[in-house]
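input_35.pdb, holding PDB, C-alpha atoms and all ligand atoms:
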```
MODEL        1
ATOM      1  CA  MET A   1       0.000   0.000   0.000  1.00  0.00           C
ATOM      2  CA  SER A   2       1.365   3.408  -0.918  1.00  0.00           C
ATOM      3  CA  THR A   3       2.099   5.815   1.940  1.00  0.00           C
ATOM      4  CA  VAL A   4       1.718   8.798  -0.359  1.00  0.00           C
ATOM      5  CA  ALA A   5      -1.228  10.852   0.894  1.00  0.00           C
ATOM      6  CA  ALA A   6      -3.879  12.137  -1.456  1.00  0.00           C
ATOM      7  CA  VAL A   7      -2.972  15.268  -3.382  1.00  0.00           C
ATOM      8  CA  PRO A   8      -4.934  18.232  -2.016  1.00  0.00           C
ATOM      9  CA  THR A   9      -7.978  18.886  -4.126  1.00  0.00           C
ATOM     10  CA  GLY A  10      -7.781  22.663  -3.788  1.00  0.00           C
ATOM     11  CA  ARG A  11      -5.103  24.813  -5.379  1.00  0.00           C
ATOM     12  CA  SER A  12      -2.465  25.808  -2.835  1.00  0.00           C
ATOM     13  CA  ALA A  13      -1.883  29.401  -1.815  1.00  0.00           C
ATOM     14  CA  LEU A  14       1.022  30.825   0.146  1.00  0.00           C
ATOM     15  CA  THR A  15       1.658  34.207   1.682  1.00  0.00           C
ATOM     16  CA  ALA A  16       4.743  36.223   0.848  1.00  0.00           C
ATOM     17  CA  PHE A  17       5.951  39.771   1.284  1.00  0.00           C
ATOM     18  CA  ARG A  18       5.386  42.151  -1.613  1.00  0.00           C
ATOM     19  CA  GLN A  19       8.713  43.805  -0.943  1.00  0.00           C
ATOM     20  CA  VAL A  20      11.675  43.186   1.373  1.00  0.00           C
ATOM     21  CA  PRO A  21      15.120  44.816   1.701  1.00  0.00           C
ATOM     22  CA  PRO A  22      17.725  43.534  -0.774  1.00  0.00           C
ATOM     23  CA  PHE A  23      19.534  41.461   1.877  1.00  0.00           C
ATOM     24  CA  ALA A  24      16.412  39.308   2.292  1.00  0.00           C
ATOM     25  CA  GLN A  25      15.497  38.894  -1.358  1.00  0.00           C
ATOM     26  CA  GLY A  26      15.967  35.285  -2.380  1.00  0.00           C
ATOM     27  CA  VAL A  27      16.017  33.940   1.170  1.00  0.00           C
ATOM     28  CA  VAL A  28      12.560  34.831   2.514  1.00  0.00           C
ATOM     29  CA  ARG A  29      11.106  31.631   3.896  1.00  0.00           C
ATOM     30  CA  ASP A  30       8.222  31.377   1.438  1.00  0.00           C
ATOM     31  CA  LEU A  31      10.992  30.218  -0.945  1.00  0.00           C
ATOM     32  CA  ARG A  32      10.980  26.842   0.832  1.00  0.00           C
ATOM     33  CA  VAL A  33       7.296  26.352   0.190  1.00  0.00           C
ATOM     34  CA  ARG A  34       7.516  27.556  -3.403  1.00  0.00           C
ATOM     35  CA  TRP A  35      10.378  25.096  -3.990  1.00  0.00           C
ATOM     36  CA  ALA A  36       8.481  22.196  -2.444  1.00  0.00           C
ATOM     37  CA  LEU A  37       5.412  22.972  -4.551  1.00  0.00           C
ATOM     38  CA  GLU A  38       7.576  23.182  -7.667  1.00  0.00           C
ATOM     39  CA  GLU A  39       9.248  19.832  -6.893  1.00  0.00           C
ATOM     40  CA  ALA A  40       5.792  18.343  -6.330  1.00  0.00           C
ATOM     41  CA  GLY A  41       4.473  19.824  -9.557  1.00  0.00           C
ATOM     42  CA  LEU A  42       1.630  21.543  -7.713  1.00  0.00           C
ATOM     43  CA  PRO A  43       0.512  24.931  -9.049  1.00  0.00           C
ATOM     44  CA  TYR A  44      -0.078  27.621  -6.451  1.00  0.00           C
ATOM     45  CA  ASP A  45      -1.356  31.123  -5.909  1.00  0.00           C
ATOM     46  CA  GLN A  46       0.375  33.757  -3.817  1.00  0.00           C
ATOM     47  CA  GLU A  47      -1.160  36.263  -1.437  1.00  0.00           C
ATOM     48  CA  LEU A  48       1.152  39.230  -1.170  1.00  0.00           C
ATOM     49  CA  LEU A  49       1.408  41.220   2.039  1.00  0.00           C
ATOM     50  CA  ALA A  50       2.454  44.842   2.325  1.00  0.00           C
ATOM     51  CA  VAL A  51       4.823  45.826   5.130  1.00  0.00           C
ATOM     52  CA  GLY A  52       2.872  45.768   8.399  1.00  0.00           C
ATOM     53  CA  GLU A  53      -0.047  43.770   7.019  1.00  0.00           C
ATOM     54  CA  ASN A  54       1.520  40.694   8.578  1.00  0.00           C
ATOM     55  CA  HIS A  55       0.818  42.142  12.019  1.00  0.00           C
ATOM     56  CA  LEU A  56      -2.885  42.834  11.474  1.00  0.00           C
ATOM     57  CA  PRO A  57      -5.297  40.664  13.481  1.00  0.00           C
ATOM     58  CA  ALA A  58      -6.729  39.074  10.339  1.00  0.00           C
ATOM     59  CA  TYR A  59      -3.304  37.780   9.340  1.00  0.00           C
ATOM     60  CA  ARG A  60      -2.354  36.751  12.873  1.00  0.00           C
ATOM     61  CA  ALA A  61      -5.428  34.569  12.879  1.00  0.00           C
ATOM     62  CA  ARG A  62      -3.614  32.623  10.157  1.00  0.00           C
ATOM     63  CA  GLN A  63      -0.041  33.049  11.375  1.00  0.00           C
ATOM     64  CA  PRO A  64       0.085  33.772  15.128  1.00  0.00           C
ATOM     65  CA  PHE A  65       3.609  35.207  14.909  1.00  0.00           C
ATOM     66  CA  GLY A  66       2.899  37.557  12.018  1.00  0.00           C
ATOM     67  CA  GLN A  67       5.401  35.891   9.712  1.00  0.00           C
ATOM     68  CA  VAL A  68       5.454  34.507   6.206  1.00  0.00           C
ATOM     69  CA  PRO A  69       4.816  31.971   4.901  1.00  0.00           C
ATOM     70  CA  ALA A  70       1.302  30.884   5.713  1.00  0.00           C
ATOM     71  CA  TYR A  71      -0.317  28.265   3.526  1.00  0.00           C
ATOM     72  CA  ASP A  72      -3.793  27.173   2.517  1.00  0.00           C
ATOM     73  CA  ASP A  73      -4.713  24.315   0.220  1.00  0.00           C
ATOM     74  CA  LYS A  74      -8.443  24.492   0.926  1.00  0.00           C
ATOM     75  CA  ASP A  75      -8.013  21.275   2.896  1.00  0.00           C
ATOM     76  CA  VAL A  76      -5.890  22.798   5.659  1.00  0.00           C
ATOM     77  CA  ARG A  77      -4.464  26.159   6.707  1.00  0.00           C
ATOM     78  CA  MET A  78      -0.920  26.021   8.030  1.00  0.00           C
ATOM     79  CA  PHE A  79       2.055  28.104   9.103  1.00  0.00           C
ATOM     80  CA  GLU A  80       5.747  27.300   9.790  1.00  0.00           C
ATOM     81  CA  SER A  81       7.734  26.607   6.653  1.00  0.00           C
ATOM     82  CA  GLY A  82       8.977  23.239   7.938  1.00  0.00           C
ATOM     83  CA  ALA A  83       5.488  21.947   8.668  1.00  0.00           C
ATOM     84  CA  ILE A  84       4.232  23.192   5.315  1.00  0.00           C
ATOM     85  CA  VAL A  85       7.102  21.606   3.382  1.00  0.00           C
ATOM     86  CA  LEU A  86       6.520  18.325   5.198  1.00  0.00           C
ATOM     87  CA  HIS A  87       2.791  18.513   4.423  1.00  0.00           C
ATOM     88  CA  ILE A  88       3.508  19.023   0.728  1.00  0.00           C
ATOM     89  CA  ALA A  89       6.226  16.364   0.736  1.00  0.00           C
ATOM     90  CA  GLU A  90       3.837  13.828   2.219  1.00  0.00           C
ATOM     91  CA  ARG A  91       1.580  14.332  -0.765  1.00  0.00           C
ATOM     92  CA  CYS A  92       4.060  13.555  -3.510  1.00  0.00           C
ATOM     93  CA  ASP A  93       6.884  11.085  -4.022  1.00  0.00           C
ATOM     94  CA  ALA A  94       9.329  13.729  -5.286  1.00  0.00           C
ATOM     95  CA  LEU A  95      10.361  14.887  -1.820  1.00  0.00           C
ATOM     96  CA  LEU A  96       9.960  11.872   0.462  1.00  0.00           C
ATOM     97  CA  PRO A  97      10.810   8.290  -0.451  1.00  0.00           C
ATOM     98  CA  VAL A  98       7.934   5.837  -0.139  1.00  0.00           C
ATOM     99  CA  GLU A  99      10.060   3.201   1.661  1.00  0.00           C
ATOM    100  CA  PRO A 100       9.370   3.835   5.392  1.00  0.00           C
ATOM    101  CA  ARG A 101      12.959   3.859   6.668  1.00  0.00           C
ATOM    102  CA  ALA A 102      14.197   6.131   3.900  1.00  0.00           C
ATOM    103  CA  ARG A 103      11.177   8.340   4.500  1.00  0.00           C
ATOM    104  CA  ALA A 104      11.960   8.593   8.215  1.00  0.00           C
ATOM    105  CA  ARG A 105      15.598   9.467   7.420  1.00  0.00           C
ATOM    106  CA  ALA A 106      14.499  12.243   5.070  1.00  0.00           C
ATOM    107  CA  ILE A 107      12.202  13.691   7.751  1.00  0.00           C
ATOM    108  CA  THR A 108      15.100  13.457  10.201  1.00  0.00           C
ATOM    109  CA  TRP A 109      17.169  15.711   7.953  1.00  0.00           C
ATOM    110  CA  LEU A 110      14.303  18.148   7.542  1.00  0.00           C
ATOM    111  CA  PHE A 111      14.265  18.575  11.330  1.00  0.00           C
ATOM    112  CA  ALA A 112      18.060  18.657  11.531  1.00  0.00           C
ATOM    113  CA  ALA A 113      18.110  21.552   9.089  1.00  0.00           C
ATOM    114  CA  LEU A 114      15.520  23.499  11.073  1.00  0.00           C
ATOM    115  CA  ASN A 115      16.374  22.526  14.601  1.00  0.00           C
ATOM    116  CA  THR A 116      20.122  21.925  14.646  1.00  0.00           C
ATOM    117  CA  VAL A 117      21.647  23.926  11.796  1.00  0.00           C
ATOM    118  CA  GLU A 118      19.284  26.884  11.406  1.00  0.00           C
ATOM    119  CA  PRO A 119      19.439  28.246  15.000  1.00  0.00           C
ATOM    120  CA  PRO A 120      23.161  29.161  14.955  1.00  0.00           C
ATOM    121  CA  VAL A 121      22.876  30.277  11.311  1.00  0.00           C
ATOM    122  CA  ALA A 122      19.927  32.561  12.111  1.00  0.00           C
ATOM    123  CA  ASN A 123      21.735  33.881  15.178  1.00  0.00           C
ATOM    124  CA  LEU A 124      24.735  34.929  13.076  1.00  0.00           C
ATOM    125  CA  ALA A 125      22.525  36.396  10.347  1.00  0.00           C
ATOM    126  CA  GLU A 126      20.617  38.477  12.890  1.00  0.00           C
ATOM    127  CA  LEU A 127      23.861  39.736  14.345  1.00  0.00           C
ATOM    128  CA  ASP A 128      25.219  40.718  10.935  1.00  0.00           C
ATOM    129  CA  LEU A 129      22.035  42.132   9.471  1.00  0.00           C
ATOM    130  CA  PHE A 130      20.335  43.839  12.399  1.00  0.00           C
ATOM    131  CA  HIS A 131      22.941  44.486  15.105  1.00  0.00           C
ATOM    132  CA  ARG A 132      26.161  45.120  13.222  1.00  0.00           C
ATOM    133  CA  GLU A 133      26.553  48.638  14.646  1.00  0.00           C
ATOM    134  CA  GLU A 134      25.906  47.664  18.273  1.00  0.00           C
ATOM    135  CA  PRO A 135      28.960  48.042  20.534  1.00  0.00           C
ATOM    136  CA  TRP A 136      28.579  44.440  21.682  1.00  0.00           C
ATOM    137  CA  ALA A 137      28.407  42.980  18.157  1.00  0.00           C
ATOM    138  CA  PRO A 138      32.198  42.531  17.667  1.00  0.00           C
ATOM    139  CA  LEU A 139      32.378  40.750  21.009  1.00  0.00           C
ATOM    140  CA  ARG A 140      29.619  38.310  20.187  1.00  0.00           C
ATOM    141  CA  ARG A 141      30.455  37.603  16.561  1.00  0.00           C
ATOM    142  CA  PRO A 142      33.431  35.243  17.001  1.00  0.00           C
ATOM    143  CA  GLY A 143      31.363  32.929  19.198  1.00  0.00           C
ATOM    144  CA  ALA A 144      28.451  33.078  16.756  1.00  0.00           C
ATOM    145  CA  VAL A 145      30.757  32.227  13.843  1.00  0.00           C
ATOM    146  CA  ALA A 146      32.317  29.366  15.789  1.00  0.00           C
ATOM    147  CA  ALA A 147      28.871  27.897  16.507  1.00  0.00           C
ATOM    148  CA  VAL A 148      27.982  27.985  12.811  1.00  0.00           C
ATOM    149  CA  GLN A 149      31.375  26.622  11.796  1.00  0.00           C
ATOM    150  CA  GLY A 150      30.947  23.683  14.131  1.00  0.00           C
ATOM    151  CA  ARG A 151      27.672  22.705  12.490  1.00  0.00           C
ATOM    152  CA  LEU A 152      29.070  23.227   8.999  1.00  0.00           C
ATOM    153  CA  ASP A 153      32.070  21.018   9.781  1.00  0.00           C
ATOM    154  CA  GLU A 154      29.750  18.292  11.052  1.00  0.00           C
ATOM    155  CA  LEU A 155      27.482  18.568   8.042  1.00  0.00           C
ATOM    156  CA  ALA A 156      30.428  18.445   5.626  1.00  0.00           C
ATOM    157  CA  ALA A 157      31.805  15.392   7.449  1.00  0.00           C
ATOM    158  CA  TRP A 158      28.468  13.624   6.953  1.00  0.00           C
ATOM    159  CA  LEU A 159      28.137  14.624   3.336  1.00  0.00           C
ATOM    160  CA  GLY A 160      31.697  13.756   2.315  1.00  0.00           C
ATOM    161  CA  PRO A 161      31.396  12.381  -1.227  1.00  0.00           C
ATOM    162  CA  ARG A 162      27.607  11.955  -1.004  1.00  0.00           C
ATOM    163  CA  GLU A 163      25.521  13.711  -3.589  1.00  0.00           C
ATOM    164  CA  TRP A 164      22.580  14.235  -1.220  1.00  0.00           C
ATOM    165  CA  LEU A 165      22.072  13.829   2.540  1.00  0.00           C
ATOM    166  CA  GLU A 166      20.618  10.368   1.868  1.00  0.00           C
ATOM    167  CA  GLU A 167      20.269   8.179  -1.231  1.00  0.00           C
ATOM    168  CA  CYS A 168      18.270  10.685  -3.254  1.00  0.00           C
ATOM    169  CA  PHE A 169      17.236  14.333  -3.097  1.00  0.00           C
ATOM    170  CA  THR A 170      14.533  14.820  -0.439  1.00  0.00           C
ATOM    171  CA  ALA A 171      12.740  17.507   1.540  1.00  0.00           C
ATOM    172  CA  GLY A 172      15.730  17.311   3.900  1.00  0.00           C
ATOM    173  CA  ASP A 173      18.061  18.579   1.179  1.00  0.00           C
ATOM    174  CA  LEU A 174      15.561  21.248   0.216  1.00  0.00           C
ATOM    175  CA  MET A 175      15.403  22.565   3.763  1.00  0.00           C
ATOM    176  CA  MET A 176      19.151  22.265   4.400  1.00  0.00           C
ATOM    177  CA  THR A 177      19.885  24.250   1.243  1.00  0.00           C
ATOM    178  CA  THR A 178      17.567  27.077   2.230  1.00  0.00           C
ATOM    179  CA  VAL A 179      19.231  27.220   5.642  1.00  0.00           C
ATOM    180  CA  LEU A 180      22.755  27.294   4.182  1.00  0.00           C
ATOM    181  CA  ARG A 181      21.687  30.030   1.752  1.00  0.00           C
ATOM    182  CA  ILE A 182      21.112  32.334   4.744  1.00  0.00           C
ATOM    183  CA  LEU A 183      24.926  32.471   4.968  1.00  0.00           C
ATOM    184  CA  ARG A 184      25.286  33.733   1.396  1.00  0.00           C
ATOM    185  CA  ASP A 185      26.758  37.085   2.493  1.00  0.00           C
ATOM    186  CA  THR A 186      29.596  35.295   4.277  1.00  0.00           C
ATOM    187  CA  ASP A 187      32.231  32.914   2.907  1.00  0.00           C
ATOM    188  CA  LEU A 188      31.439  30.272   5.523  1.00  0.00           C
ATOM    189  CA  VAL A 189      29.805  27.919   3.025  1.00  0.00           C
ATOM    190  CA  THR A 190      31.647  28.854  -0.158  1.00  0.00           C
ATOM    191  CA  ARG A 191      35.052  28.226   1.414  1.00  0.00           C
ATOM    192  CA  MET A 192      34.069  24.622   2.188  1.00  0.00           C
ATOM    193  CA  PRO A 193      34.216  22.717  -1.128  1.00  0.00           C
ATOM    194  CA  VAL A 194      31.897  19.904   0.015  1.00  0.00           C
ATOM    195  CA  LEU A 195      29.177  22.289   1.158  1.00  0.00           C
ATOM    196  CA  ASP A 196      29.661  24.723  -1.690  1.00  0.00           C
ATOM    197  CA  ALA A 197      29.229  21.921  -4.236  1.00  0.00           C
ATOM    198  CA  TYR A 198      26.245  20.521  -2.331  1.00  0.00           C
ATOM    199  CA  VAL A 199      24.392  23.849  -2.275  1.00  0.00           C
ATOM    200  CA  ARG A 200      25.150  24.428  -5.957  1.00  0.00           C
ATOM    201  CA  ARG A 201      23.875  20.926  -6.775  1.00  0.00           C
ATOM    202  CA  CYS A 202      20.603  21.560  -4.958  1.00  0.00           C
ATOM    203  CA  GLU A 203      20.228  25.028  -6.440  1.00  0.00           C
ATOM    204  CA  ALA A 204      20.773  23.600  -9.944  1.00  0.00           C
ATOM    205  CA  ARG A 205      17.459  21.780  -9.701  1.00  0.00           C
ATOM    206  CA  PRO A 206      14.963  23.316 -12.125  1.00  0.00           C
ATOM    207  CA  ALA A 207      12.313  23.456  -9.391  1.00  0.00           C
ATOM    208  CA  PHE A 208      14.602  25.635  -7.268  1.00  0.00           C
ATOM    209  CA  GLY A 209      15.203  27.954 -10.221  1.00  0.00           C
ATOM    210  CA  ARG A 210      11.473  28.364 -10.764  1.00  0.00           C
ATOM    211  CA  ALA A 211      10.845  28.988  -7.049  1.00  0.00           C
ATOM    212  CA  LEU A 212      13.583  31.596  -6.779  1.00  0.00           C
ATOM    213  CA  ALA A 213      12.456  33.325  -9.984  1.00  0.00           C
ATOM    214  CA  ALA A 214       8.886  33.449  -8.660  1.00  0.00           C
ATOM    215  CA  GLN A 215       9.964  35.068  -5.388  1.00  0.00           C
ATOM    216  CA  MET A 216      12.246  37.559  -7.106  1.00  0.00           C
ATOM    217  CA  ALA A 217       9.589  38.454  -9.701  1.00  0.00           C
ATOM    218  CA  VAL A 218       7.354  39.733  -6.898  1.00  0.00           C
ATOM    219  CA  PHE A 219      10.034  42.145  -5.668  1.00  0.00           C
ATOM    220  CA  ALA A 220      10.851  43.283  -9.213  1.00  0.00           C
ATOM    221  CA  GLY A 221       7.189  44.180  -9.709  1.00  0.00           C
ATOM    222  CA  HIS A 222       6.871  46.356  -6.618  1.00  0.00           C
ATOM    223  CA  PRO A 223       8.638  49.601  -5.662  1.00  0.00           C
ATOM    224  CA  PRO A 224      11.720  49.153  -3.448  1.00  0.00           C
ATOM    225  CA  LEU A 225      11.280  49.835   0.261  1.00  0.00           C
TER     226      LEU A 225
HETATM  227  N1  LIG B 301       9.879  29.598  11.814  1.00  0.00           N
HETATM  228  C1  LIG B 301       9.181  30.387  10.815  1.00  0.00           C
HETATM  229  C2  LIG B 301       9.990  31.627  10.556  1.00  0.00           C
HETATM  230  C3  LIG B 301       9.318  32.514   9.530  1.00  0.00           C
HETATM  231  C4  LIG B 301      10.051  33.836   9.395  1.00  0.00           C
HETATM  232  O1  LIG B 301      11.026  34.138  10.109  1.00  0.00           O
HETATM  233  N2  LIG B 301       9.583  34.641   8.462  1.00  0.00           N
HETATM  234  C5  LIG B 301      10.161  35.946   8.290  1.00  0.00           C
HETATM  235  C6  LIG B 301      10.559  36.150   6.816  1.00  0.00           C
HETATM  236  S1  LIG B 301      11.807  35.018   6.340  1.00  0.00           S
HETATM  237  C7  LIG B 301       9.124  36.990   8.640  1.00  0.00           C
HETATM  238  O2  LIG B 301       7.980  36.841   8.283  1.00  0.00           O
HETATM  239  N3  LIG B 301       9.546  38.036   9.351  1.00  0.00           N
HETATM  240  C8  LIG B 301       8.683  39.094   9.726  1.00  0.00           C
HETATM  241  C9  LIG B 301       8.491  39.180  11.199  1.00  0.00           C
HETATM  242  O3  LIG B 301       8.958  38.282  11.921  1.00  0.00           O
HETATM  243  O4  LIG B 301       7.873  40.151  11.621  1.00  0.00           O
HETATM  244  C10 LIG B 301       9.032  29.573   9.535  1.00  0.00           C
HETATM  245  O5  LIG B 301       9.944  28.810   9.225  1.00  0.00           O
HETATM  246  O6  LIG B 301       7.996  29.701   8.855  1.00  0.00           O
ENDMDL
END
```
Write out the structure in this file as structure tokens.
Amino acid sequence: MSTVAAVPTGRSALTAFRQVPPFAQGVVRDLRVRWALEEAGLPYDQELLAVGENHLPAYRARQPFGQVPAYDDKDVRMFESGAIVLHIAERCDALLPVEPRARARAITWLFAALNTVEPPVANLAELDLFHREEPWAPLRRPGAVAAVQGRLDELAAWLGPREWLEECFTAGDLMMTTVLRILRDTDLVTRMPVLDAYVRRCEARPAFGRALAAQMAVFAGHPPL
């Protein structure tokens, strides 16, 4: 019996920002959902939010933290990019293997990306993007870099000569790539040949190209902030 859940009957819709500062363009977290939908071959609509609209009560009823993305496929309304990607992945065989053990391993990597690698990465990004001028920033940064480097070393040691985190590309690779991309303004990933090649391999997937182009097209069509 197949473990692939039924494809949602309704067309999916995700929320995204109409405009963001240049440093965020191409890494806003709706990219993860767009990529998953592209890998799954599911068409989707986008609901674009103006700055501040994400904090209105109507939106918080959908996303309690006022963040993007939120998601709706007429079957279920969701928030949290990881949960949404997993939901989509469970409905197609492009992102999660059908074999139960391989499927569990792929889900493991999805959580590892979000729960083990992303926290130090996001901490460093916040420091660099939002607190760079604070007097305490230079004191904190070395420790923040060391925490990221530790995770990157461990990830590179796992990957070694592997093409993907497991036997084939899965939602785990999708999520890990979007996390590593947050470091794009540093050389932390690009100076590590294993990780640099891995990210490039994932980004070379046509579905990623379509997802990125779709996010960037929104910003190109709206006046800069
Ligand atoms: N854990 C959330 C994080 C979402 C998130 O941080 N979204 C950012 C854009 S990438 C956002 O909406 N920021 C606006 C805010 O927090 O006010 C997820 O993965 O969906």
Problem set entry | Residues within 8 Å of range 69-85 of chain A, all atoms listed in the file, excluding chain neighbours under 2 positions, as a list in words | Pro8, Thr9, Gly10, Arg11, Ser12, Ala13, Leu14, Thr15, Ala16, Arg29, Asp30, Arg32, Val33, Ala36, Arg62, Gln63, Gln67, His87, Ile88, Ala89, Leu110, Phe111, Leu114, Ala171 and Met175 of chain A
Exercise. Do you know which residues the PyMOL selection byres (((chain A and resi 40) around 9) and not hetatm) returns on this file, as a ChimeraX atom specification?
Worked result: /A:35-39,41-43,88-89,91-95,207
Residues of the last selection are to be written out with C-alpha atoms, as a tab-separated table (two decimals), keeping the file's coordinate frame.
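Now in selection-v6.tsv:
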```tsv
chain	number	residue	atom	x	y	z
A	35	TRP	CA	10.38	25.10	-3.99
A	36	ALA	CA	8.48	22.20	-2.44
A	37	LEU	CA	5.41	22.97	-4.55
A	38	GLU	CA	7.58	23.18	-7.67
A	39	GLU	CA	9.25	19.83	-6.89
A	41	GLY	CA	4.47	19.82	-9.56
A	42	LEU	CA	1.63	21.54	-7.71
A	43	PRO	CA	0.51	24.93	-9.05
A	88	ILE	CA	3.51	19.02	0.73
A	89	ALA	CA	6.23	16.36	0.74
A	91	ARG	CA	1.58	14.33	-0.76
A	92	CYS	CA	4.06	13.56	-3.51
A	93	ASP	CA	6.88	11.08	-4.02
A	94	ALA	CA	9.33	13.73	-5.29
A	95	LEU	CA	10.36	14.89	-1.82
A	207	ALA	CA	12.31	23.46	-9.39
```
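Comparing A:Glu163, A:Asp45, A:Asp153, A:Glu53 by their smallest distance to ligand LIG 301 (chain B), the closest is A:Glu53 (using only C-alpha atoms and all ligand atoms).
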For this session: May I have the residues within 12 Å of Phe130 in chain A as a PyMOL selection string, using all atoms listed in the file and disregarding those fewer than 6 positions away in the same chain?
Result: chain A and resi 21+23-24+122-124+137
Problem set entry | Resolved residues for the PyMOL selection byres (((chain A and resi 50) around 10) and not hetatm) as a list in words | Ala16, Phe17, Arg18, Gln19, Val20, Leu48, Leu49, Val51, Gly52, Glu53 and Asn54 of chain A
Preceding selection exported with C-alpha atoms as a PDB file, keeping the file's coordinate frame:
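Generated file (out.pdb):
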```
ATOM      1  CA  ALA A  16       4.743  36.223   0.848  1.00  0.00           C
ATOM      2  CA  PHE A  17       5.951  39.771   1.284  1.00  0.00           C
ATOM      3  CA  ARG A  18       5.386  42.151  -1.613  1.00  0.00           C
ATOM      4  CA  GLN A  19       8.713  43.805  -0.943  1.00  0.00           C
ATOM      5  CA  VAL A  20      11.675  43.186   1.373  1.00  0.00           C
ATOM      6  CA  LEU A  48       1.152  39.230  -1.170  1.00  0.00           C
ATOM      7  CA  LEU A  49       1.408  41.220   2.039  1.00  0.00           C
ATOM      8  CA  VAL A  51       4.823  45.826   5.130  1.00  0.00           C
ATOM      9  CA  GLY A  52       2.872  45.768   8.399  1.00  0.00           C
ATOM     10  CA  GLU A  53      -0.047  43.770   7.019  1.00  0.00           C
ATOM     11  CA  ASN A  54       1.520  40.694   8.578  1.00  0.00           C
TER      12      ASN A  54
END
```
For this session: Using the chain letters and numbers from the file, give me the residues hit by the PyMOL selection byres (((chain A and resi 205) around 12) and not hetatm), as JSON, numbers by chain.
Result: {"A": [35, 36, 38, 39, 169, 170, 173, 174, 177, 198, 199, 200, 201, 202, 203, 204, 206, 207, 208, 209, 210, 211, 212]}
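Between CA of Pro22 in chain A and CA of Ala112 in chain A there is a distance of 27.8 Å.
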Seminar exercise, completed: Taken to one decimal, the CA of Ala146 in chain A-CA of Pro193 in chain A distance is 18.3 Å
As AutoDock Vina command-line options: centre and edge lengths in Å, one decimal, of the axis-aligned box holding ligand LIG 301 (chain B) with 8 Å per side:
```
--center_x 9.8 --center_y 34.5 --center_z 9.1 --size_x 19.9 --size_y 27.3 --size_z 21.6
```
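Distance-wise, CA of Met176 in chain A and CA of Arg140 in chain A end up 24.8 Å apart.
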Problem set entry | Among listed residues A:Arg101, A:Leu180, A:Glu166, A:Leu139, nearest Glu118 in chain A (using all atoms listed in the file) | A:Leu180
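If only C-alpha atoms are the atoms counted, then among A:Leu165, A:Gly160, A:Val121, A:Val98 the closest residue to Thr186 in chain A is A:Val121.
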Problem set entry | Pick from A:Arg162, A:His131, A:Arg181, A:Arg151, whichever lies nearest to ligand LIG 301 (chain B) using all atoms listed in the file | A:Arg181
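Each of A:Leu56, A:Ala214, A:Cys168, A:Leu225 was checked against Arg103 in chain A using only C-alpha atoms; the smallest atom-to-atom distance is that of A:Cys168.
Residue nearest ligand LIG 301 (chain B), chosen from A:Ala220, A:Leu195, A:Leu152, A:Leu31 and counting all atoms listed in the file: A:Leu31.
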